[in-house]
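Structure file start.txt (compact mmCIF, N, CA and C atoms) follows.
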# COMPACT_ATOMS: atom_id res chain seq x y z
N MET A 22 -119.38 59.69 -217.19
CA MET A 22 -118.67 59.77 -215.92
C MET A 22 -118.68 61.20 -215.39
N LYS A 23 -118.39 62.16 -216.30
CA LYS A 23 -118.37 63.55 -215.87
C LYS A 23 -119.76 64.00 -215.42
N LYS A 24 -120.78 63.46 -216.08
CA LYS A 24 -122.15 63.82 -215.73
C LYS A 24 -122.48 63.37 -214.31
N HIS A 25 -122.07 62.19 -213.92
CA HIS A 25 -122.32 61.67 -212.58
C HIS A 25 -121.55 62.47 -211.54
N LEU A 26 -120.34 62.85 -211.88
CA LEU A 26 -119.52 63.65 -210.98
C LEU A 26 -120.15 65.03 -210.77
N LEU A 27 -120.67 65.61 -211.84
CA LEU A 27 -121.33 66.91 -211.76
C LEU A 27 -122.59 66.83 -210.90
N ILE A 28 -123.37 65.77 -211.06
CA ILE A 28 -124.58 65.59 -210.26
C ILE A 28 -124.23 65.42 -208.79
N ALA A 29 -123.20 64.63 -208.50
CA ALA A 29 -122.78 64.41 -207.11
C ALA A 29 -122.27 65.70 -206.48
N ALA A 30 -121.50 66.48 -207.24
CA ALA A 30 -120.97 67.74 -206.71
C ALA A 30 -122.10 68.74 -206.46
N THR A 31 -123.08 68.77 -207.35
CA THR A 31 -124.22 69.67 -207.17
C THR A 31 -125.04 69.25 -205.96
N ALA A 32 -125.28 67.97 -205.80
CA ALA A 32 -126.03 67.47 -204.65
C ALA A 32 -125.30 67.80 -203.35
N ALA A 33 -124.00 67.61 -203.33
CA ALA A 33 -123.22 67.91 -202.13
C ALA A 33 -123.26 69.40 -201.81
N ALA A 34 -123.19 70.23 -202.84
CA ALA A 34 -123.22 71.68 -202.63
C ALA A 34 -124.57 72.12 -202.08
N LEU A 35 -125.63 71.44 -202.48
CA LEU A 35 -126.96 71.80 -202.00
C LEU A 35 -127.22 71.26 -200.59
N ILE A 36 -126.68 70.12 -200.26
CA ILE A 36 -126.94 69.48 -198.97
C ILE A 36 -126.04 70.01 -197.87
N LEU A 37 -124.77 70.18 -198.13
CA LEU A 37 -123.81 70.55 -197.09
C LEU A 37 -124.11 71.90 -196.42
N PRO A 38 -124.50 72.95 -197.13
CA PRO A 38 -124.81 74.19 -196.42
C PRO A 38 -125.99 74.04 -195.45
N GLY A 39 -126.93 73.17 -195.80
CA GLY A 39 -128.05 72.93 -194.92
C GLY A 39 -127.64 72.22 -193.65
N LEU A 40 -126.67 71.35 -193.75
CA LEU A 40 -126.21 70.61 -192.57
C LEU A 40 -125.35 71.47 -191.67
N SER A 41 -124.62 72.39 -192.23
CA SER A 41 -123.69 73.19 -191.43
C SER A 41 -124.27 74.52 -190.98
N SER A 42 -125.50 74.85 -191.38
CA SER A 42 -126.05 76.16 -191.03
C SER A 42 -126.28 76.32 -189.54
N GLY A 43 -126.46 75.22 -188.83
CA GLY A 43 -126.66 75.30 -187.38
C GLY A 43 -125.42 75.79 -186.67
N VAL A 44 -124.25 75.57 -187.24
CA VAL A 44 -123.01 76.01 -186.64
C VAL A 44 -122.92 77.53 -186.64
N PHE A 45 -123.44 78.17 -187.68
CA PHE A 45 -123.31 79.60 -187.83
C PHE A 45 -124.55 80.37 -187.37
N ALA A 46 -125.56 79.67 -186.88
CA ALA A 46 -126.79 80.33 -186.46
C ALA A 46 -126.54 81.16 -185.21
N ALA A 47 -127.23 82.28 -185.14
CA ALA A 47 -127.11 83.14 -183.97
C ALA A 47 -127.80 82.47 -182.79
N PRO A 48 -127.32 82.71 -181.58
CA PRO A 48 -127.98 82.12 -180.41
C PRO A 48 -129.39 82.69 -180.25
N PRO A 49 -130.31 81.90 -179.73
CA PRO A 49 -131.67 82.41 -179.56
C PRO A 49 -131.69 83.57 -178.58
N GLU A 50 -132.63 84.49 -178.81
CA GLU A 50 -132.73 85.65 -177.92
C GLU A 50 -133.28 85.22 -176.57
N LYS A 51 -132.84 85.90 -175.55
CA LYS A 51 -133.39 85.65 -174.23
C LYS A 51 -134.80 86.24 -174.16
N ALA A 52 -135.63 85.66 -173.33
CA ALA A 52 -137.01 86.12 -173.21
C ALA A 52 -137.09 87.57 -172.75
N SER A 53 -136.10 88.02 -172.01
CA SER A 53 -136.14 89.39 -171.48
C SER A 53 -135.68 90.43 -172.51
N GLU A 54 -135.15 89.99 -173.65
CA GLU A 54 -134.63 90.91 -174.65
C GLU A 54 -135.62 91.05 -175.81
N HIS A 55 -136.77 91.63 -175.57
CA HIS A 55 -137.76 91.84 -176.62
C HIS A 55 -137.41 93.10 -177.40
N HIS A 56 -137.68 93.05 -178.68
CA HIS A 56 -137.42 94.21 -179.53
C HIS A 56 -138.46 95.28 -179.25
N GLN A 57 -138.02 96.50 -179.06
CA GLN A 57 -138.92 97.62 -178.85
C GLN A 57 -139.02 98.41 -180.16
N PHE A 58 -140.24 98.58 -180.65
CA PHE A 58 -140.45 99.31 -181.88
C PHE A 58 -140.44 100.81 -181.59
N SER A 59 -139.99 101.58 -182.57
CA SER A 59 -139.97 103.03 -182.42
C SER A 59 -141.39 103.58 -182.56
N ALA A 60 -141.58 104.81 -182.12
CA ALA A 60 -142.88 105.45 -182.22
C ALA A 60 -143.33 105.56 -183.68
N GLU A 61 -142.38 105.76 -184.58
CA GLU A 61 -142.71 105.86 -186.00
C GLU A 61 -143.22 104.52 -186.55
N HIS A 62 -142.58 103.43 -186.12
CA HIS A 62 -143.03 102.11 -186.55
C HIS A 62 -144.43 101.80 -186.01
N ILE A 63 -144.67 102.15 -184.77
CA ILE A 63 -145.98 101.90 -184.17
C ILE A 63 -147.05 102.73 -184.86
N ALA A 64 -146.74 103.98 -185.15
CA ALA A 64 -147.71 104.85 -185.84
C ALA A 64 -148.01 104.31 -187.24
N ALA A 65 -146.98 103.85 -187.95
CA ALA A 65 -147.18 103.31 -189.28
C ALA A 65 -148.01 102.04 -189.24
N PHE A 66 -147.75 101.18 -188.27
CA PHE A 66 -148.51 99.95 -188.14
C PHE A 66 -149.97 100.26 -187.78
N THR A 67 -150.18 101.24 -186.90
CA THR A 67 -151.54 101.65 -186.54
C THR A 67 -152.27 102.19 -187.75
N ASP A 68 -151.62 103.06 -188.52
CA ASP A 68 -152.23 103.61 -189.74
C ASP A 68 -152.62 102.49 -190.71
N ALA A 69 -151.72 101.54 -190.89
CA ALA A 69 -151.98 100.43 -191.82
C ALA A 69 -153.12 99.55 -191.31
N SER A 70 -153.16 99.31 -190.00
CA SER A 70 -154.22 98.47 -189.44
C SER A 70 -155.58 99.14 -189.59
N ILE A 71 -155.65 100.43 -189.34
CA ILE A 71 -156.91 101.15 -189.47
C ILE A 71 -157.34 101.21 -190.93
N ALA A 72 -156.40 101.44 -191.83
CA ALA A 72 -156.73 101.47 -193.26
C ALA A 72 -157.23 100.11 -193.74
N ALA A 73 -156.61 99.03 -193.25
CA ALA A 73 -157.04 97.69 -193.63
C ALA A 73 -158.43 97.39 -193.08
N LEU A 74 -158.69 97.83 -191.87
CA LEU A 74 -160.02 97.64 -191.28
C LEU A 74 -161.08 98.37 -192.10
N LYS A 75 -160.79 99.61 -192.45
CA LYS A 75 -161.74 100.40 -193.23
C LYS A 75 -161.98 99.76 -194.59
N ALA A 76 -160.94 99.31 -195.24
CA ALA A 76 -161.09 98.68 -196.55
C ALA A 76 -161.88 97.38 -196.45
N GLY A 77 -161.64 96.63 -195.38
CA GLY A 77 -162.33 95.37 -195.21
C GLY A 77 -163.81 95.53 -194.89
N LEU A 78 -164.15 96.64 -194.25
CA LEU A 78 -165.55 96.87 -193.89
C LEU A 78 -166.41 97.26 -195.09
N LYS A 79 -165.81 97.84 -196.10
CA LYS A 79 -166.54 98.29 -197.30
C LYS A 79 -167.75 99.14 -196.88
N LEU A 80 -167.45 100.26 -196.28
CA LEU A 80 -168.48 101.13 -195.72
C LEU A 80 -169.39 101.73 -196.79
N THR A 81 -170.64 101.92 -196.41
CA THR A 81 -171.59 102.63 -197.27
C THR A 81 -171.36 104.12 -197.09
N PRO A 82 -171.87 104.96 -197.99
CA PRO A 82 -171.71 106.40 -197.81
C PRO A 82 -172.27 106.91 -196.48
N ALA A 83 -173.34 106.32 -196.01
CA ALA A 83 -173.90 106.73 -194.72
C ALA A 83 -172.95 106.36 -193.57
N GLN A 84 -172.33 105.18 -193.65
CA GLN A 84 -171.38 104.76 -192.62
C GLN A 84 -170.08 105.55 -192.72
N GLU A 85 -169.72 105.94 -193.92
CA GLU A 85 -168.48 106.69 -194.16
C GLU A 85 -168.47 108.00 -193.36
N LYS A 86 -169.65 108.59 -193.17
CA LYS A 86 -169.74 109.85 -192.41
C LYS A 86 -169.32 109.67 -190.97
N ASN A 87 -169.52 108.47 -190.40
CA ASN A 87 -169.18 108.20 -189.00
C ASN A 87 -167.75 107.70 -188.82
N TRP A 88 -167.06 107.42 -189.91
CA TRP A 88 -165.72 106.84 -189.82
C TRP A 88 -164.72 107.72 -189.07
N PRO A 89 -164.65 109.04 -189.28
CA PRO A 89 -163.64 109.83 -188.58
C PRO A 89 -163.73 109.71 -187.05
N ALA A 90 -164.93 109.64 -186.51
CA ALA A 90 -165.07 109.50 -185.05
C ALA A 90 -164.54 108.13 -184.59
N LEU A 91 -164.85 107.09 -185.35
CA LEU A 91 -164.36 105.76 -184.99
C LEU A 91 -162.84 105.69 -185.11
N GLU A 92 -162.30 106.28 -186.16
CA GLU A 92 -160.84 106.28 -186.35
C GLU A 92 -160.14 107.00 -185.20
N THR A 93 -160.69 108.11 -184.77
CA THR A 93 -160.12 108.85 -183.63
C THR A 93 -160.15 107.99 -182.38
N THR A 94 -161.26 107.30 -182.16
CA THR A 94 -161.38 106.44 -180.98
C THR A 94 -160.38 105.30 -181.04
N LEU A 95 -160.20 104.68 -182.20
CA LEU A 95 -159.23 103.60 -182.34
C LEU A 95 -157.81 104.09 -182.03
N ARG A 96 -157.47 105.27 -182.51
CA ARG A 96 -156.14 105.83 -182.23
C ARG A 96 -155.97 106.14 -180.75
N ASP A 97 -157.03 106.67 -180.11
CA ASP A 97 -156.96 106.96 -178.67
C ASP A 97 -156.76 105.69 -177.86
N VAL A 98 -157.46 104.63 -178.24
CA VAL A 98 -157.32 103.36 -177.54
C VAL A 98 -155.90 102.83 -177.71
N LYS A 99 -155.35 102.93 -178.91
CA LYS A 99 -153.99 102.46 -179.15
C LYS A 99 -152.99 103.24 -178.30
N LEU A 100 -153.17 104.56 -178.21
CA LEU A 100 -152.28 105.37 -177.38
C LEU A 100 -152.41 104.98 -175.91
N GLU A 101 -153.62 104.71 -175.48
CA GLU A 101 -153.83 104.33 -174.09
C GLU A 101 -153.20 102.97 -173.79
N LEU A 102 -153.30 102.05 -174.74
CA LEU A 102 -152.66 100.75 -174.56
C LEU A 102 -151.15 100.88 -174.47
N ARG A 103 -150.58 101.76 -175.27
CA ARG A 103 -149.12 101.97 -175.21
C ARG A 103 -148.69 102.57 -173.89
N ALA A 104 -149.58 103.34 -173.26
CA ALA A 104 -149.24 103.99 -171.99
C ALA A 104 -149.37 103.02 -170.80
N GLN A 105 -150.05 101.89 -171.01
CA GLN A 105 -150.26 100.91 -169.94
C GLN A 105 -148.94 100.23 -169.59
N PRO A 106 -148.80 99.82 -168.34
CA PRO A 106 -147.63 99.02 -167.99
C PRO A 106 -147.66 97.69 -168.75
N ASN A 107 -146.51 97.10 -168.95
CA ASN A 107 -146.43 95.83 -169.69
C ASN A 107 -147.28 94.77 -169.02
N GLY A 108 -147.93 93.97 -169.85
CA GLY A 108 -148.76 92.90 -169.33
C GLY A 108 -150.23 93.26 -169.25
N THR A 109 -150.57 94.53 -169.29
CA THR A 109 -151.97 94.95 -169.22
C THR A 109 -152.48 95.08 -170.64
N LYS A 110 -153.52 94.34 -170.95
CA LYS A 110 -154.02 94.32 -172.32
C LYS A 110 -155.29 95.14 -172.51
N THR A 111 -156.05 95.38 -171.45
CA THR A 111 -157.32 96.07 -171.58
C THR A 111 -157.15 97.55 -171.25
N PRO A 112 -157.58 98.45 -172.14
CA PRO A 112 -157.50 99.86 -171.83
C PRO A 112 -158.33 100.19 -170.59
N ARG A 113 -157.89 101.19 -169.85
CA ARG A 113 -158.60 101.56 -168.61
C ARG A 113 -160.05 101.93 -168.92
N SER A 114 -160.32 102.55 -170.05
CA SER A 114 -161.68 102.98 -170.37
C SER A 114 -162.60 101.79 -170.63
N PHE A 115 -162.05 100.61 -170.96
CA PHE A 115 -162.87 99.44 -171.23
C PHE A 115 -162.84 98.42 -170.10
N ALA A 116 -162.01 98.64 -169.10
CA ALA A 116 -161.91 97.68 -168.01
C ALA A 116 -163.20 97.69 -167.21
N SER A 117 -163.63 96.49 -166.80
CA SER A 117 -164.87 96.42 -166.04
C SER A 117 -164.64 96.92 -164.62
N ASP A 118 -165.63 97.57 -164.09
CA ASP A 118 -165.57 98.11 -162.73
C ASP A 118 -166.08 97.04 -161.79
N THR A 119 -165.22 96.54 -160.90
CA THR A 119 -165.60 95.44 -160.01
C THR A 119 -166.02 95.94 -158.63
N THR A 120 -166.15 97.25 -158.44
CA THR A 120 -166.53 97.75 -157.12
C THR A 120 -168.01 97.82 -156.95
Would it be possible to restate this file's structure as structure tokens?
Amino acid sequence: MKKHLLIAATAAALILPGLSSGVFAAPPEKASEHHQFSAEHIAAFTDASIAALKAGLKLTPAQEKNWPALETTLRDVKLELRAQPNGTKTPRSFASDTT
């Protein structure tokens, strides 16, 4: 009898928090309230992305010599993208000239 009571109490303890969690959930964020990352977070993410790209490419020693120029260009593009008004995804240097 005690075993059945223990099983029922354990099941209730596991199920009830799942059912009531919606009551305590924070309201969804409004679309206009996007989180803005700090410059340090963006720099760290950029560094990690570039390092991951380099590791994934598995460069040869000959290609390794050209890496610093490419890394500088990637950082410049990232800075230019950050300077763009919201909604613009293409850097000005890569945008096609329609004139």
First collect every listed atom of range 62-75 of chain A; then fit an axis-aligned box around them, widen it by 3 Å on each side, and give centre and edge lengths in Å to one decimal, as lines of an AutoDock Vina configuration file.
center_x = -152.3
center_y = 101.1
center_z = -189.4
size_x = 25.4
size_y = 13.5
size_z = 16.4
Note to self: For a cutoff of 6.5 Å around the file-coordinate point (-159.1, 102.2, -185.1), which residues qualify once you count all atoms listed in the file? I'd like the result as a list of chain:residue names.
What the structure shows: A:Ser70, A:Ile71, A:Leu91, A:Glu92, A:Thr93, A:Thr94, A:Leu95, A:Arg96
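Going from atom C of Arg103 in chain A to atom N of Ile63 in chain A covers 11.6 Å.
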Checklist line | Interatomic distance, atom C of Glu101 in chain A to CA of His56 in chain A (Å, one decimal) | finding: 18.9 Å
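Between atom C of Lys99 in chain A and atom N of His62 in chain A there is a distance of 13.0 Å.
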